[in-house]
$ cat model15.txt   # compact mmCIF, C-alpha atoms and all ligand atoms
# COMPACT_ATOMS: atom_id res chain seq x y z
CA MET Q 1 0.00 0.00 0.00
CA LYS Q 2 1.25 3.50 -0.79
CA GLN Q 3 2.28 5.88 1.98
CA LEU Q 4 -0.79 7.05 3.94
CA GLN Q 5 -1.40 10.66 4.90
CA PRO Q 6 -1.36 11.32 8.66
CA THR Q 7 -5.05 12.30 8.39
CA ALA Q 8 -6.09 8.96 6.86
CA GLN Q 9 -8.92 7.15 8.69
CA ALA Q 10 -9.45 3.39 8.95
CA TYR Q 11 -12.77 1.63 9.59
CA ARG Q 12 -13.35 -2.03 10.38
CA ALA Q 13 -16.74 -3.79 9.99
CA SER Q 14 -18.58 -5.98 7.50
CA MET Q 15 -18.73 -4.09 4.19
CA ILE Q 16 -20.86 -4.40 1.08
CA TYR Q 17 -21.34 -2.50 -2.18
CA SER Q 18 -22.86 -3.13 -5.60
CA ILE Q 19 -20.64 -3.31 -8.66
CA ALA Q 20 -23.29 -3.92 -11.35
CA ASP Q 21 -27.01 -4.42 -11.95
CA PRO Q 22 -28.02 -7.99 -11.02
CA ALA Q 23 -30.40 -7.87 -14.02
CA GLU Q 24 -27.31 -7.63 -16.25
CA VAL Q 25 -24.65 -9.73 -14.54
CA GLY Q 26 -26.62 -12.07 -12.23
CA LEU Q 27 -26.97 -11.82 -8.46
CA GLU Q 28 -23.60 -13.27 -7.44
CA GLU Q 29 -21.58 -11.03 -9.75
CA SER Q 30 -23.41 -7.87 -8.70
CA TYR Q 31 -21.70 -7.04 -5.39
CA ARG Q 32 -18.51 -7.13 -3.30
CA TYR Q 33 -18.63 -8.18 0.33
CA PHE Q 34 -16.05 -8.37 3.11
CA ASP Q 35 -17.28 -10.16 6.20
CA ASP Q 36 -14.48 -8.62 8.26
CA GLY Q 37 -13.56 -5.64 6.11
CA LEU Q 38 -11.21 -2.71 6.43
CA MET Q 39 -11.63 0.58 4.60
CA ILE Q 40 -9.16 3.45 4.44
CA VAL Q 41 -10.44 6.97 3.80
CA GLU Q 42 -8.06 9.73 2.77
CA GLU Q 43 -8.90 13.32 1.85
CA GLY Q 44 -12.59 12.57 1.52
CA ARG Q 45 -12.18 9.56 -0.75
CA ILE Q 46 -11.98 5.85 -0.31
CA ALA Q 47 -8.30 4.95 -0.65
CA ALA Q 48 -8.48 1.19 -0.09
CA ILE Q 49 -10.92 -1.55 0.93
CA GLY Q 50 -10.45 -5.26 1.54
CA ASP Q 51 -10.21 -8.08 4.06
CA ALA Q 52 -9.13 -6.72 7.41
CA GLU Q 53 -6.62 -9.45 8.19
CA GLU Q 54 -4.87 -9.01 4.86
CA MET Q 55 -4.82 -5.23 5.02
CA LEU Q 56 -3.73 -5.01 8.65
CA LYS Q 57 -0.39 -6.57 7.69
CA ASP Q 58 0.45 -3.46 5.65
CA LEU Q 59 -0.91 -0.79 7.99
CA PRO Q 60 1.34 1.22 10.32
CA SER Q 61 1.12 -0.41 13.74
CA ASP Q 62 0.10 2.86 15.40
CA MET Q 63 -2.80 3.54 12.99
CA GLN Q 64 -6.07 4.17 14.82
CA ILE Q 65 -8.89 1.95 13.56
CA THR Q 66 -12.57 2.64 14.25
CA HIS Q 67 -14.18 -0.75 14.78
CA TYR Q 68 -17.93 -1.33 14.44
CA PRO Q 69 -18.72 -4.86 15.61
CA GLY Q 70 -22.15 -6.15 14.49
CA ALA Q 71 -22.39 -3.49 11.79
CA LEU Q 72 -22.47 -3.31 8.02
CA ILE Q 73 -20.83 -0.46 6.10
CA ALA Q 74 -22.41 0.40 2.73
CA PRO Q 75 -22.42 3.39 0.37
CA GLY Q 76 -24.75 6.22 1.43
CA PHE Q 77 -28.24 5.85 -0.01
CA ILE Q 78 -29.35 7.83 -3.05
CA ASP Q 79 -32.89 9.19 -3.20
CA THR Q 80 -33.74 10.03 -6.80
CA HIS Q 81 -36.99 11.87 -6.10
CA ILE Q 82 -38.04 13.91 -3.06
CA HIS Q 83 -39.60 17.30 -2.19
CA PHE Q 84 -37.91 19.17 0.66
CA PRO Q 85 -40.80 21.68 1.12
CA GLN Q 86 -43.19 18.80 1.79
CA THR Q 87 -41.37 17.67 4.96
CA GLY Q 88 -44.00 19.26 7.19
CA MET Q 89 -46.97 17.68 5.39
CA ILE Q 90 -45.84 14.06 5.23
CA ALA Q 91 -48.73 11.77 6.25
CA SER Q 92 -51.62 13.97 5.06
CA TYR Q 93 -54.87 12.02 5.09
CA GLY Q 94 -57.36 10.87 2.57
CA GLU Q 95 -56.70 12.03 -1.01
CA GLN Q 96 -55.30 10.79 -4.28
CA LEU Q 97 -52.87 12.84 -6.35
CA LEU Q 98 -54.84 15.79 -7.73
CA ASP Q 99 -56.89 16.50 -4.58
CA TRP Q 100 -53.84 15.87 -2.42
CA LEU Q 101 -51.98 18.56 -4.40
CA ASN Q 102 -54.83 21.07 -4.08
CA ASN Q 103 -55.74 20.38 -0.46
CA TYR Q 104 -52.34 19.87 1.14
CA THR Q 105 -49.37 20.50 -1.14
CA PHE Q 106 -50.15 23.88 -2.61
CA PRO Q 107 -51.10 25.49 0.72
CA THR Q 108 -47.90 24.12 2.30
CA GLU Q 109 -45.64 25.28 -0.52
CA GLN Q 110 -46.95 28.86 -0.30
CA ASN Q 111 -45.06 29.28 2.98
CA PHE Q 112 -41.73 29.06 1.14
CA GLU Q 113 -42.00 32.58 -0.07
CA ASP Q 114 -40.38 33.28 3.29
CA GLY Q 115 -36.68 32.50 2.85
CA GLU Q 116 -36.16 32.03 6.59
CA HIS Q 117 -38.88 29.39 6.72
CA ALA Q 118 -37.31 27.71 3.68
CA SER Q 119 -33.96 27.66 5.45
CA ASP Q 120 -35.44 26.12 8.63
CA VAL Q 121 -37.18 23.39 6.65
CA ALA Q 122 -34.11 22.72 4.49
CA ASN Q 123 -32.09 22.06 7.64
CA ILE Q 124 -34.75 19.81 9.17
CA PHE Q 125 -34.95 17.95 5.85
CA LEU Q 126 -31.18 17.44 5.49
CA THR Q 127 -30.88 16.24 9.07
CA GLU Q 128 -33.67 13.76 8.36
CA LEU Q 129 -31.95 12.51 5.19
CA LEU Q 130 -28.69 11.94 7.07
CA ARG Q 131 -30.49 10.24 9.99
CA ASN Q 132 -31.79 7.82 7.40
CA GLY Q 133 -28.45 7.25 5.68
CA THR Q 134 -29.26 9.20 2.51
CA THR Q 135 -26.25 11.20 1.35
CA THR Q 136 -27.41 12.33 -2.12
CA ALA Q 137 -30.89 13.29 -3.33
CA LEU Q 138 -32.60 14.81 -6.34
CA VAL Q 139 -34.82 17.41 -4.73
CA PHE Q 140 -37.80 19.58 -5.68
CA GLY Q 141 -37.91 23.10 -4.25
CA THR Q 142 -40.97 25.30 -4.62
CA VAL Q 143 -41.69 27.93 -7.25
CA HIS Q 144 -39.79 30.47 -5.10
CA PRO Q 145 -36.10 30.81 -6.02
CA GLN Q 146 -35.34 31.58 -2.37
CA SER Q 147 -36.41 28.01 -1.49
CA VAL Q 148 -33.61 26.69 -3.70
CA ASP Q 149 -31.06 29.18 -2.37
CA ALA Q 150 -31.96 28.00 1.14
CA PHE Q 151 -31.61 24.37 0.17
CA PHE Q 152 -28.26 24.77 -1.56
CA GLU Q 153 -26.87 26.93 1.26
CA ALA Q 154 -27.79 24.26 3.81
CA SER Q 155 -26.36 21.47 1.60
CA GLU Q 156 -23.14 23.38 0.98
CA ALA Q 157 -22.66 23.95 4.70
CA ARG Q 158 -22.73 20.15 5.20
CA ASN Q 159 -20.64 19.43 2.09
CA LEU Q 160 -23.29 17.13 0.59
CA ARG Q 161 -23.64 16.08 -3.04
CA MET Q 162 -27.14 17.33 -3.84
CA ILE Q 163 -29.21 18.13 -6.92
CA ALA Q 164 -32.15 20.55 -6.75
CA GLY Q 165 -34.19 23.02 -8.71
CA LYS Q 166 -36.90 25.66 -8.60
CA VAL Q 167 -40.36 24.47 -9.59
CA MET Q 168 -41.57 25.92 -12.89
CA MET Q 169 -45.37 26.25 -12.73
CA ASP Q 170 -47.41 28.84 -14.64
CA ARG Q 171 -50.98 27.47 -14.63
CA ASN Q 172 -53.51 25.26 -12.82
CA ALA Q 173 -52.18 26.26 -9.41
CA PRO Q 174 -52.93 29.07 -6.90
CA GLU Q 175 -51.74 32.47 -8.05
CA ALA Q 176 -49.28 32.75 -5.17
CA LEU Q 177 -47.52 29.68 -6.54
CA THR Q 178 -47.33 30.52 -10.22
CA ASP Q 179 -44.54 32.09 -12.22
CA THR Q 180 -44.48 32.89 -15.94
CA PRO Q 181 -42.47 31.38 -18.79
CA GLU Q 182 -40.17 34.42 -18.70
CA SER Q 183 -39.73 34.67 -14.92
CA SER Q 184 -39.21 30.93 -14.55
CA TYR Q 185 -36.53 31.03 -17.23
CA ARG Q 186 -34.83 34.05 -15.67
CA ASP Q 187 -35.02 32.77 -12.08
CA SER Q 188 -33.83 29.29 -13.05
CA LYS Q 189 -30.94 30.76 -15.00
CA ALA Q 190 -29.84 32.90 -12.06
CA LEU Q 191 -29.92 29.85 -9.78
CA ILE Q 192 -27.95 27.82 -12.32
CA GLU Q 193 -25.30 30.52 -12.53
CA ARG Q 194 -25.15 30.73 -8.73
CA TRP Q 195 -25.14 27.05 -7.80
CA HIS Q 196 -24.63 24.57 -10.63
CA GLY Q 197 -21.20 22.97 -10.29
CA LYS Q 198 -20.43 24.85 -7.06
CA GLY Q 199 -18.69 22.32 -4.79
CA ARG Q 200 -20.84 19.20 -4.77
CA LEU Q 201 -24.05 20.86 -6.01
CA HIS Q 202 -25.94 20.43 -9.28
CA TYR Q 203 -29.00 22.12 -10.74
CA ALA Q 204 -32.12 20.38 -12.10
CA VAL Q 205 -34.56 22.21 -14.39
CA THR Q 206 -37.83 21.36 -12.62
CA PRO Q 207 -41.17 21.80 -14.40
CA ARG Q 208 -43.58 20.39 -11.78
CA PHE Q 209 -45.56 18.23 -14.25
CA ALA Q 210 -47.18 18.79 -17.63
CA PRO Q 211 -50.56 20.03 -16.28
CA THR Q 212 -49.01 22.99 -14.44
CA SER Q 213 -46.91 24.31 -17.33
CA SER Q 214 -47.96 26.07 -20.53
CA ASP Q 215 -46.37 25.20 -23.87
CA GLU Q 216 -44.27 28.36 -23.54
CA GLN Q 217 -42.93 27.32 -20.16
CA LEU Q 218 -42.04 23.78 -21.27
CA ALA Q 219 -40.25 25.37 -24.23
CA ALA Q 220 -38.32 27.59 -21.79
CA ALA Q 221 -37.29 24.47 -19.83
CA GLY Q 222 -36.00 22.92 -23.07
CA GLN Q 223 -34.13 26.12 -23.84
CA LEU Q 224 -32.30 26.01 -20.48
CA LEU Q 225 -31.28 22.40 -21.09
CA ARG Q 226 -29.85 23.32 -24.47
CA GLU Q 227 -27.92 26.24 -23.00
CA TYR Q 228 -26.33 24.18 -20.21
CA PRO Q 229 -25.84 20.61 -21.41
CA ASP Q 230 -24.90 19.06 -18.03
CA LEU Q 231 -28.03 20.20 -16.19
CA TYR Q 232 -30.56 17.72 -14.88
CA MET Q 233 -34.25 17.72 -15.77
CA HIS Q 234 -36.64 16.59 -13.04
CA THR Q 235 -40.42 16.17 -13.28
CA HIS Q 236 -43.36 13.80 -12.71
CA LEU Q 237 -44.78 11.37 -15.27
CA SER Q 238 -47.71 8.93 -15.48
CA GLU Q 239 -48.39 8.65 -11.79
CA ASN Q 240 -52.18 8.57 -11.57
CA THR Q 241 -54.88 7.69 -14.12
CA ASN Q 242 -56.87 10.92 -13.63
CA GLU Q 243 -53.68 12.91 -14.09
CA ILE Q 244 -52.95 11.07 -17.36
CA ALA Q 245 -56.48 11.75 -18.67
CA TRP Q 246 -56.05 15.44 -17.77
CA VAL Q 247 -52.75 15.67 -19.66
CA LYS Q 248 -54.49 14.23 -22.73
CA GLU Q 249 -57.16 16.95 -22.47
CA LEU Q 250 -54.61 19.72 -21.96
CA PHE Q 251 -52.29 18.62 -24.77
CA PRO Q 252 -54.57 17.16 -27.47
CA GLU Q 253 -51.89 17.62 -30.13
CA GLN Q 254 -49.42 15.33 -28.37
CA ASN Q 255 -49.44 11.59 -28.50
CA GLY Q 256 -49.72 10.95 -24.74
CA TYR Q 257 -48.02 12.11 -21.56
CA LEU Q 258 -44.39 11.29 -22.33
CA ASP Q 259 -44.75 12.80 -25.78
CA VAL Q 260 -45.54 16.19 -24.22
CA TYR Q 261 -42.11 16.22 -22.60
CA ASP Q 262 -40.51 14.75 -25.72
CA HIS Q 263 -42.02 17.47 -27.89
CA PHE Q 264 -40.26 20.12 -25.78
CA GLU Q 265 -36.96 18.18 -25.82
CA LEU Q 266 -36.98 17.35 -22.14
CA LEU Q 267 -35.83 13.72 -22.44
CA GLY Q 268 -32.18 12.73 -22.08
CA GLU Q 269 -29.50 11.01 -20.04
CA ARG Q 270 -29.85 13.51 -17.16
CA SER Q 271 -33.67 13.55 -17.20
CA VAL Q 272 -35.43 11.94 -14.25
CA PHE Q 273 -39.16 11.20 -14.38
CA ALA Q 274 -40.79 10.34 -11.07
CA HIS Q 275 -43.25 7.41 -11.01
CA GLY Q 276 -43.90 6.09 -14.53
CA VAL Q 277 -46.51 3.74 -13.07
CA HIS Q 278 -48.75 3.59 -16.15
CA LEU Q 279 -46.35 3.65 -19.10
CA CYS Q 280 -47.12 1.83 -22.34
CA ASP Q 281 -44.50 -0.07 -24.33
CA ASP Q 282 -43.94 2.74 -26.81
CA GLU Q 283 -43.26 5.15 -23.97
CA CYS Q 284 -40.82 2.69 -22.38
CA LYS Q 285 -39.02 2.36 -25.71
CA ARG Q 286 -38.65 6.10 -26.00
CA ILE Q 287 -37.40 6.44 -22.41
CA ALA Q 288 -34.78 3.75 -23.09
CA GLU Q 289 -33.79 5.27 -26.43
CA THR Q 290 -33.12 8.66 -24.81
CA ASP Q 291 -31.38 7.04 -21.77
CA SER Q 292 -33.80 8.84 -19.44
CA THR Q 293 -34.43 7.62 -15.88
CA ILE Q 294 -37.52 6.61 -13.94
CA ALA Q 295 -37.63 7.12 -10.17
CA PHE Q 296 -39.55 4.28 -8.52
CA CYS Q 297 -41.40 5.65 -5.48
CA PRO Q 298 -43.19 2.75 -3.80
CA THR Q 299 -44.35 4.34 -0.54
CA SER Q 300 -45.83 7.25 -2.46
CA ASN Q 301 -47.50 5.05 -5.08
CA LEU Q 302 -49.17 3.04 -2.32
CA PHE Q 303 -50.03 6.04 -0.11
CA LEU Q 304 -51.73 8.00 -2.93
CA GLY Q 305 -53.25 4.83 -4.41
CA SER Q 306 -51.47 5.56 -7.68
CA GLY Q 307 -50.72 2.00 -8.76
CA LEU Q 308 -48.03 -0.69 -8.88
CA PHE Q 309 -44.73 0.08 -10.59
CA ASN Q 310 -43.63 -2.59 -13.07
CA LEU Q 311 -39.90 -3.00 -12.47
CA PRO Q 312 -39.43 -6.09 -14.69
CA LYS Q 313 -40.94 -4.14 -17.59
CA MET Q 314 -38.32 -1.42 -17.06
CA GLU Q 315 -35.58 -4.06 -16.93
CA ALA Q 316 -36.86 -5.61 -20.14
CA HIS Q 317 -36.59 -2.21 -21.81
CA LYS Q 318 -33.17 -1.56 -20.18
CA ILE Q 319 -34.46 1.65 -18.59
CA LYS Q 320 -32.35 3.15 -15.80
CA VAL Q 321 -34.32 3.08 -12.54
CA GLY Q 322 -33.54 4.86 -9.27
CA LEU Q 323 -35.40 4.70 -5.99
CA GLY Q 324 -37.32 7.70 -4.64
CA THR Q 325 -39.04 8.31 -1.34
CA ASP Q 326 -41.16 11.13 -2.83
CA VAL Q 327 -41.69 12.65 0.61
CA GLY Q 328 -44.31 14.20 1.32
CA ALA Q 329 -46.48 11.79 -0.76
CA GLY Q 330 -44.01 9.11 0.29
CA THR Q 331 -44.41 8.07 3.90
CA SER Q 332 -40.81 7.64 4.99
CA PHE Q 333 -37.40 9.24 4.54
CA SER Q 334 -35.91 5.80 5.05
CA ILE Q 335 -34.60 4.08 1.94
CA LEU Q 336 -34.69 0.83 3.93
CA GLN Q 337 -38.44 1.30 4.47
CA THR Q 338 -38.79 2.31 0.82
CA LEU Q 339 -37.20 -1.03 -0.14
CA ASN Q 340 -39.55 -2.82 2.24
CA GLU Q 341 -42.51 -1.33 0.37
CA ALA Q 342 -40.85 -1.94 -3.02
CA TYR Q 343 -40.66 -5.61 -2.12
CA LYS Q 344 -44.41 -5.66 -1.41
CA VAL Q 345 -45.24 -3.78 -4.62
CA MET Q 346 -43.37 -6.55 -6.48
CA GLN Q 347 -45.04 -9.32 -4.46
CA LEU Q 348 -48.46 -7.99 -5.52
CA GLN Q 349 -47.31 -8.58 -9.10
CA GLY Q 350 -45.88 -12.04 -8.42
CA VAL Q 351 -42.25 -10.88 -8.61
CA LYS Q 352 -39.47 -11.32 -6.02
CA LEU Q 353 -37.30 -8.28 -5.38
CA HIS Q 354 -33.96 -9.79 -4.34
CA PRO Q 355 -31.97 -7.97 -1.63
CA PHE Q 356 -28.95 -7.61 -3.94
CA LYS Q 357 -31.16 -5.85 -6.49
CA SER Q 358 -32.54 -3.68 -3.70
CA LEU Q 359 -29.02 -2.76 -2.61
CA TYR Q 360 -28.25 -1.84 -6.22
CA LEU Q 361 -31.37 0.34 -6.58
CA ALA Q 362 -30.60 2.17 -3.34
CA THR Q 363 -26.93 2.90 -4.16
CA LEU Q 364 -25.10 2.27 -7.45
CA GLY Q 365 -28.32 2.09 -9.51
CA GLY Q 366 -29.31 5.52 -8.21
CA ALA Q 367 -25.82 6.84 -8.93
CA LYS Q 368 -25.94 5.51 -12.50
CA ALA Q 369 -29.42 6.97 -12.95
CA LEU Q 370 -27.99 10.36 -11.97
CA LYS Q 371 -24.78 9.91 -14.01
CA LEU Q 372 -22.78 10.19 -10.80
CA ASP Q 373 -21.44 6.63 -10.59
CA ASP Q 374 -17.87 7.87 -11.11
CA LYS Q 375 -18.26 9.68 -7.76
CA ILE Q 376 -20.81 8.03 -5.46
CA GLY Q 377 -22.85 4.87 -4.94
CA SER Q 378 -19.87 2.59 -4.33
CA LEU Q 379 -17.05 1.86 -1.88
CA GLU Q 380 -14.61 1.22 -4.71
CA PRO Q 381 -11.27 3.06 -4.18
CA GLY Q 382 -11.46 6.53 -5.72
CA SER Q 383 -15.13 7.01 -4.77
CA GLU Q 384 -16.16 9.92 -2.60
CA ALA Q 385 -16.38 8.67 0.97
CA ASP Q 386 -20.16 9.03 1.42
CA PHE Q 387 -20.96 5.92 3.42
CA ILE Q 388 -23.15 4.60 6.23
CA VAL Q 389 -22.75 2.26 9.16
CA MET Q 390 -25.81 0.07 9.69
CA ASP Q 391 -26.43 -1.68 13.02
CA TYR Q 392 -27.67 -5.29 12.90
CA ASN Q 393 -28.70 -4.99 16.56
CA CYS Q 394 -30.60 -1.71 16.41
CA THR Q 395 -33.80 -3.10 17.94
CA PRO Q 396 -34.45 -6.16 20.09
CA LEU Q 397 -36.48 -7.76 17.28
CA MET Q 398 -33.85 -7.08 14.60
CA SER Q 399 -31.14 -8.46 16.87
CA TYR Q 400 -33.13 -11.62 17.63
CA ARG Q 401 -34.08 -12.11 13.98
CA MET Q 402 -30.46 -11.67 12.86
CA LYS Q 403 -29.40 -14.53 15.12
CA GLN Q 404 -31.55 -16.86 13.03
CA ALA Q 405 -30.17 -15.57 9.70
CA LYS Q 406 -27.94 -18.02 7.89
CA SER Q 407 -26.62 -16.00 4.95
CA LEU Q 408 -25.62 -12.51 3.87
CA GLU Q 409 -28.67 -12.18 1.66
CA GLU Q 410 -30.94 -13.13 4.54
CA ARG Q 411 -29.29 -10.55 6.82
CA LEU Q 412 -29.63 -7.90 4.11
CA PHE Q 413 -33.27 -8.76 3.55
CA VAL Q 414 -34.04 -8.52 7.26
CA LEU Q 415 -32.25 -5.15 7.40
CA MET Q 416 -34.34 -3.90 4.48
CA THR Q 417 -37.60 -5.23 5.89
CA LEU Q 418 -37.32 -4.37 9.59
CA GLY Q 419 -34.82 -1.51 9.29
CA ASP Q 420 -35.47 2.23 9.27
CA ASP Q 421 -33.72 5.26 10.79
CA ARG Q 422 -32.91 3.19 13.88
CA ALA Q 423 -30.63 0.99 11.75
CA ILE Q 424 -28.42 3.92 10.74
CA LYS Q 425 -25.69 4.15 13.35
CA GLU Q 426 -23.52 6.73 11.59
CA THR Q 427 -23.44 8.63 8.29
CA PHE Q 428 -20.34 10.03 6.58
CA ALA Q 429 -20.07 12.62 3.78
CA MET Q 430 -16.69 13.12 2.06
CA GLY Q 431 -15.11 11.17 4.90
CA GLU Q 432 -16.56 13.37 7.66
CA SER Q 433 -19.03 12.01 10.18
CA VAL Q 434 -22.22 14.03 9.65
CA TYR Q 435 -24.63 12.04 11.82
CA GLN Q 436 -24.21 9.76 14.83
CA ARG Q 437 -27.28 8.06 16.22
CA GLU Q 438 -25.72 7.77 19.66
CA ALA Q 439 -25.20 11.52 19.93
CA GLU Q 440 -28.78 12.31 19.00
CA SER Q 441 -31.33 13.75 21.37
CA VAL Q 442 -34.93 14.19 20.30
CA SER Q 443 -36.53 17.53 21.14
N1 LIG Z 501 -47.25 15.58 -9.41
C1 LIG Z 501 -47.13 16.93 -9.47
N2 LIG Z 501 -46.68 17.43 -8.31
C2 LIG Z 501 -46.50 16.39 -7.50
C3 LIG Z 501 -46.04 16.28 -6.15
O1 LIG Z 501 -45.70 17.26 -5.46
N3 LIG Z 501 -45.98 15.01 -5.64
C4 LIG Z 501 -46.32 13.92 -6.37
N4 LIG Z 501 -46.22 12.72 -5.81
N5 LIG Z 501 -46.77 14.01 -7.62
C5 LIG Z 501 -46.85 15.23 -8.18
ZN ZN Z 502 -42.94 13.94 -6.36
$ encode --input "model15.txt" --output "structure tokens" --more "lines below"
Ligand code: GUN
Ligand code: ZN
Amino acid sequence: MKQLQPTAQAYRASMIYSIADPAEVGLEESYRYFDDGLMIVEEGRIAAIGDAEEMLKDLPSDMQITHYPGALIAPGFIDTHIHFPQTGMIASYGEQLLDWLNNYTFPTEQNFEDGEHASDVANIFLTELLRNGTTTALVFGTVHPQSVDAFFEASEARNLRMIAGKVMMDRNAPEALTDTPESSYRDSKALIERWHGKGRLHYAVTPRFAPTSSDEQLAAAGQLLREYPDLYMHTHLSENTNEIAWVKELFPEQNGYLDVYDHFELLGERSVFAHGVHLCDDECKRIAETDSTIAFCPTSNLFLGSGLFNLPKMEAHKIKVGLGTDVGAGTSFSILQTLNEAYKVMQLQGVKLHPFKSLYLATLGGAKALKLDDKIGSLEPGSEADFIVMDYNCTPLMSYRMKQAKSLEERLFVLMTLGDDRAIKETFAMGESVYQREAESVS
């Protein structure tokens, strides 16, 4: 091993990370695992990883090693679709998508005109992400540019790799929440100039969904993407059957929901469409052809009664899929709980979601979906050291159940089924500890 810097850190625990999609290489070839692993972190990056006994032979004898017995280290989770302004309205009762938006979401989002409020919520939100082991997310703001400034400022202060954007919305919403094609273009552009590529931050052009944007506004979104080729595009697609019927009424010229976005040149390798629950084969083909991504949001799809996401269909079309919590329609910040619900969504369709596929969706699959797999989603040397320590003994039931587990995949499955924020012992971003469960006090 090369000479280590004096600031290098060493961690010892079980370690796992995905190296490829199980749908492409098979389950056994999709991951690396060290039962007793050692990982060296230097200057915010993973410098080395391997079997502890082997690596200890080469380490300086006075090197401090942080040991986590009964724990599993994995890459930080990646949430490919979430709304930070909806933190305070999670678990709102009784409605499906369109009424839920009108009755709960729009009134809540109006409060983000106040930049101080936006800043408070951004900090609560980021703390919640880190408590749940999520180190990168693709995030909706509100229509107010100050909501996005607040979010990026809070993310920058914690040195997190985050993607966010200002909602573009110029119709079918309360007046206090609408912009215009011109103002949305101008405000987005100013935010892009201020934040995109600053440290670990990226900008996503964010038209809310087709029904709340005019043709002119969707054209402005396309214009921004052409002007800055490495921007993201983030929106909703084919979530709810009433929504789909409404899009057909609003855009009679276009050949369906996806075609509206396609017409305005919003598809591409950095475009992320949340949900995609009701896509037809032609739409899947077009998504694959343009290398666009779908964010699978199981807790949201169940909570709003939207429908069951067809993951095997996406695999058959070779569509990139990430996992999204979609808080506040989603009911948990926990990617472990999101995987628990994903498993059930698949069971209802007679499909088994294997824990190695789940690990992939939550980490490397999300990173690939966001074109960030050269940086995050893995523990491979060279990766940014965004990682989590998960505790197999975080509750009496988990601890007891783990004692019966006979294999790695069984332990992983139990973690993903019973686990939630309580399973996240510690979270690291760029090699710095940014959350410790032990140090937490609830107020
Ligand atoms: N479609 C348009 N806006 C939203 C939103 O805020 N949440 C969800 N789940 N779907 C949407
Ligand atoms: Zn959403």
$ closest_residue --input "model15.txt" --among "Q:Asp51, Q:Glu440, Q:Asp99, Q:Glu432" --to "Asn242 in chain Q" --atoms "all atoms listed in the file"
Q:Asp99
$ closest_atom_pairs --input "model15.txt" --of "chain Q" --to "ligand ZN 502 (chain Z)" --cutoff "7 Å" --atoms "only C-alpha atoms and all ligand atoms" --output "Markdown table"
| residue | atom | partner | partner_atom | distance |
| --- | --- | --- | --- | --- |
| Q:His81 | CA | Z:ZN502 | ZN | 6.3 |
| Q:Ile82 | CA | Z:ZN502 | ZN | 5.9 |
| Q:His83 | CA | Z:ZN502 | ZN | 6.3 |
| Q:His236 | CA | Z:ZN502 | ZN | 6.4 |
| Q:Ala274 | CA | Z:ZN502 | ZN | 6.3 |
| Q:Asp326 | CA | Z:ZN502 | ZN | 4.9 |
| Q:Ala329 | CA | Z:ZN502 | ZN | 7.0 |
$ closest_residue --input "model15.txt" --among "Q:Ala316, Q:Ala220, Q:Val327, Q:Cys280" --to "ligand LIG 501 (chain Z)" --atoms "all atoms listed in the file"
Q:Val327
$ residues_around --input "model15.txt" --residues "Phe77 in chain Q" --least-positions-apart "6" --cutoff "7 Å" --atoms "only C-alpha atoms" --output "PDB file with C-alpha atoms, in the frame of the given file"
ATOM      1  CA  GLY Q 133     -28.450   7.250   5.680  1.00  0.00           C
ATOM      2  CA  THR Q 134     -29.260   9.200   2.510  1.00  0.00           C
ATOM      3  CA  THR Q 135     -26.250  11.200   1.350  1.00  0.00           C
ATOM      4  CA  THR Q 136     -27.410  12.330  -2.120  1.00  0.00           C
ATOM      5  CA  ILE Q 335     -34.600   4.080   1.940  1.00  0.00           C
ATOM      6  CA  ALA Q 362     -30.600   2.170  -3.340  1.00  0.00           C
ATOM      7  CA  THR Q 363     -26.930   2.900  -4.160  1.00  0.00           C
TER       8      THR Q 363
END
$ atom_distance --input "model15.txt" --atom1 "CA of Thr66 in chain Q" --atom2 "CA of Tyr11 in chain Q"
4.8 Å
$ residues_near_ligand --input "model15.txt" --ligand "ligand LIG 501 (chain Z)" --cutoff "10 Å" --atoms "only C-alpha atoms and all ligand atoms" --output "number ranges by chain"
Q: 81-83, 85-86, 96-98, 100-102, 104-106, 109, 140-142, 167, 169, 207-212, 235-240, 243, 274-275, 297, 300-301, 303-304, 306, 325-330
$ closest_residue --input "model15.txt" --among "Q:Pro107, Q:Pro174, Q:Gly382, Q:Gly76" --to "Leu160 in chain Q" --atoms "all atoms listed in the file"
Q:Gly76
$ residues_near_point --input "model15.txt" --point "(-24.6, -6.2, -11.0)" --cutoff "9 Å" --atoms "all atoms listed in the file" --output "PyMOL selection string"
chain Q and resi 18-31+356-357+360
$ write_last_selection --input "model15.txt" --atoms "C-alpha atoms" --output "PDB file, in the frame of the given file"
ATOM      1  CA  SER Q  18     -22.860  -3.130  -5.600  1.00  0.00           C
ATOM      2  CA  ILE Q  19     -20.640  -3.310  -8.660  1.00  0.00           C
ATOM      3  CA  ALA Q  20     -23.290  -3.920 -11.350  1.00  0.00           C
ATOM      4  CA  ASP Q  21     -27.010  -4.420 -11.950  1.00  0.00           C
ATOM      5  CA  PRO Q  22     -28.020  -7.990 -11.020  1.00  0.00           C
ATOM      6  CA  ALA Q  23     -30.400  -7.870 -14.020  1.00  0.00           C
ATOM      7  CA  GLU Q  24     -27.310  -7.630 -16.250  1.00  0.00           C
ATOM      8  CA  VAL Q  25     -24.650  -9.730 -14.540  1.00  0.00           C
ATOM      9  CA  GLY Q  26     -26.620 -12.070 -12.230  1.00  0.00           C
ATOM     10  CA  LEU Q  27     -26.970 -11.820  -8.460  1.00  0.00           C
ATOM     11  CA  GLU Q  28     -23.600 -13.270  -7.440  1.00  0.00           C
ATOM     12  CA  GLU Q  29     -21.580 -11.030  -9.750  1.00  0.00           C
ATOM     13  CA  SER Q  30     -23.410  -7.870  -8.700  1.00  0.00           C
ATOM     14  CA  TYR Q  31     -21.700  -7.040  -5.390  1.00  0.00           C
ATOM     15  CA  PHE Q 356     -28.950  -7.610  -3.940  1.00  0.00           C
ATOM     16  CA  LYS Q 357     -31.160  -5.850  -6.490  1.00  0.00           C
ATOM     17  CA  TYR Q 360     -28.250  -1.840  -6.220  1.00  0.00           C
TER      18      TYR Q 360
END
